[in-house]
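Below: one structure, written as structure tokens.
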Amino acid sequence: MKTNRCIIIARKIFDYFGSYYHPWYRYKDVRRFLFLYDLFKKIPMEGDIVECGVGEGRSVVAFGAFVRHEDKNRMVIGYDTFEGFPYGDKKGYFFVSIEKVQKTLMYHGVQNVVSLVKGPFEETLPHYDG
């Protein structure tokens, strides 16, 4: 039963936002996408969206799809070291290269509304002028 609902919801999302989610995605992926959309609707309509910690890029792709759909002059900016966690016990964990994330952005057609900034937050965020 969950799977059938998941497929129906995912198809509606696919039709509405384009290539982000496909009907064969898991139920929890669709729930996450809907959560992000609900969060997006709560963000004030003016200004950019900044994400600190991009990982594989799923959230920036989702926000990029929402921004592209609303057709307003705003961007999604993803800050990350793209080298995994920079310190502590998890140093190097969750490494995803910036090139891989850029390919993901291009695959989903959001490369024009998503900008990636490489480097530690404490060094890169102070330069944000939005």
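Labels used: A, B, ... for chains in the order of the structure tokens, numbers from 1 for residues in each chain, and numbers from 1 for ligands as shown.
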Near Leu125 of chain A, within 12 Å and counting only C-alpha atoms, which residues show up once chain neighbours fewer than 3 positions away are dropped, as a short mmCIF file (atom, residue, chain, number, x, y, z; two decimals) with N, CA and C atoms, in the first residue's frame?
data_model
loop_
_atom_site.label_atom_id
_atom_site.label_comp_id
_atom_site.auth_asym_id
_atom_site.auth_seq_id
_atom_site.Cartn_x
_atom_site.Cartn_y
_atom_site.Cartn_z
N VAL A 50 20.38 29.64 1.29
CA VAL A 50 21.75 29.19 1.56
C VAL A 50 21.69 27.87 2.31
N GLU A 51 22.42 26.88 1.80
CA GLU A 51 22.53 25.60 2.50
C GLU A 51 23.99 25.38 2.89
N CYS A 52 24.21 25.10 4.16
CA CYS A 52 25.56 24.84 4.66
C CYS A 52 25.72 23.34 4.85
N GLY A 53 26.49 22.73 3.97
CA GLY A 53 26.67 21.29 3.96
C GLY A 53 25.82 20.68 2.86
N ILE A 77 22.37 28.71 -2.87
CA ILE A 77 23.82 28.70 -2.75
C ILE A 77 24.20 27.61 -1.74
N GLY A 78 25.00 26.66 -2.20
CA GLY A 78 25.42 25.55 -1.36
C GLY A 78 26.88 25.68 -0.95
N TYR A 79 27.11 25.76 0.34
CA TYR A 79 28.47 25.86 0.88
C TYR A 79 28.89 24.50 1.41
N ASP A 80 30.10 24.08 1.06
CA ASP A 80 30.61 22.80 1.53
C ASP A 80 32.11 22.75 1.28
N THR A 81 32.81 21.93 2.05
CA THR A 81 34.24 21.73 1.78
C THR A 81 34.41 20.80 0.58
N LEU A 116 27.52 26.64 -6.18
CA LEU A 116 28.26 25.91 -5.14
C LEU A 116 29.51 26.71 -4.76
N VAL A 117 29.78 26.76 -3.46
CA VAL A 117 30.95 27.46 -2.95
C VAL A 117 31.77 26.46 -2.15
N LYS A 118 33.01 26.26 -2.58
CA LYS A 118 33.88 25.27 -1.94
C LYS A 118 34.76 25.93 -0.89
N GLY A 119 34.81 25.29 0.28
CA GLY A 119 35.68 25.77 1.34
C GLY A 119 35.00 25.67 2.69
N PRO A 120 35.78 25.84 3.78
CA PRO A 120 35.20 25.82 5.13
C PRO A 120 34.23 26.99 5.32
N PHE A 121 33.15 26.73 6.03
CA PHE A 121 32.12 27.77 6.22
C PHE A 121 32.70 29.05 6.81
N GLU A 122 33.56 28.88 7.81
CA GLU A 122 34.09 30.07 8.49
C GLU A 122 34.93 30.95 7.56
N TYR A 128 29.74 36.09 1.54
CA TYR A 128 28.41 36.11 0.92
C TYR A 128 27.86 37.53 0.97
N ASP A 129 27.41 38.03 -0.15
CA ASP A 129 26.93 39.42 -0.21
C ASP A 129 25.44 39.53 -0.56
N GLY A 130 24.70 38.45 -0.40
CA GLY A 130 23.28 38.46 -0.76
C GLY A 130 22.39 39.02 0.30
#
Practice problem: Just the residues within 9 Å of segment 41-47 of chain A, please, counting only C-alpha atoms, with nothing from its chain fewer than 5 positions along; format it as an MDAnalysis selection string. | Solution: chainID A and resid 36 72:75 130
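Nearest residue to His69 of chain A among A:Phe40, A:Arg32, A:Val96, A:Glu56 is A:Phe40, counting only C-alpha atoms.
What separates atom CA of Ala65 of chain A from atom CA of Val110 of chain A is a distance of 6.3 Å.
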Quiz prompt | Test item: residues at most 8 Å from Phe94 of chain A, only C-alpha atoms, excluding those fewer than 6 positions along its chain, as a PyMOL selection string | solution = chain A and resi 55+83-85
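Considering only C-alpha atoms, the residue among A:Gly57, A:Phe33, A:Pro126, A:Asp89 positioned nearest to Gln111 of chain A is A:Gly57.
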Self-check item: Contact residues around Leu105 of chain A with only C-alpha atoms at 9 Å, ignoring same-chain residues under 6 positions, as a PyMOL selection string
Solution: chain A and resi 57+60-61+64+111-112+114
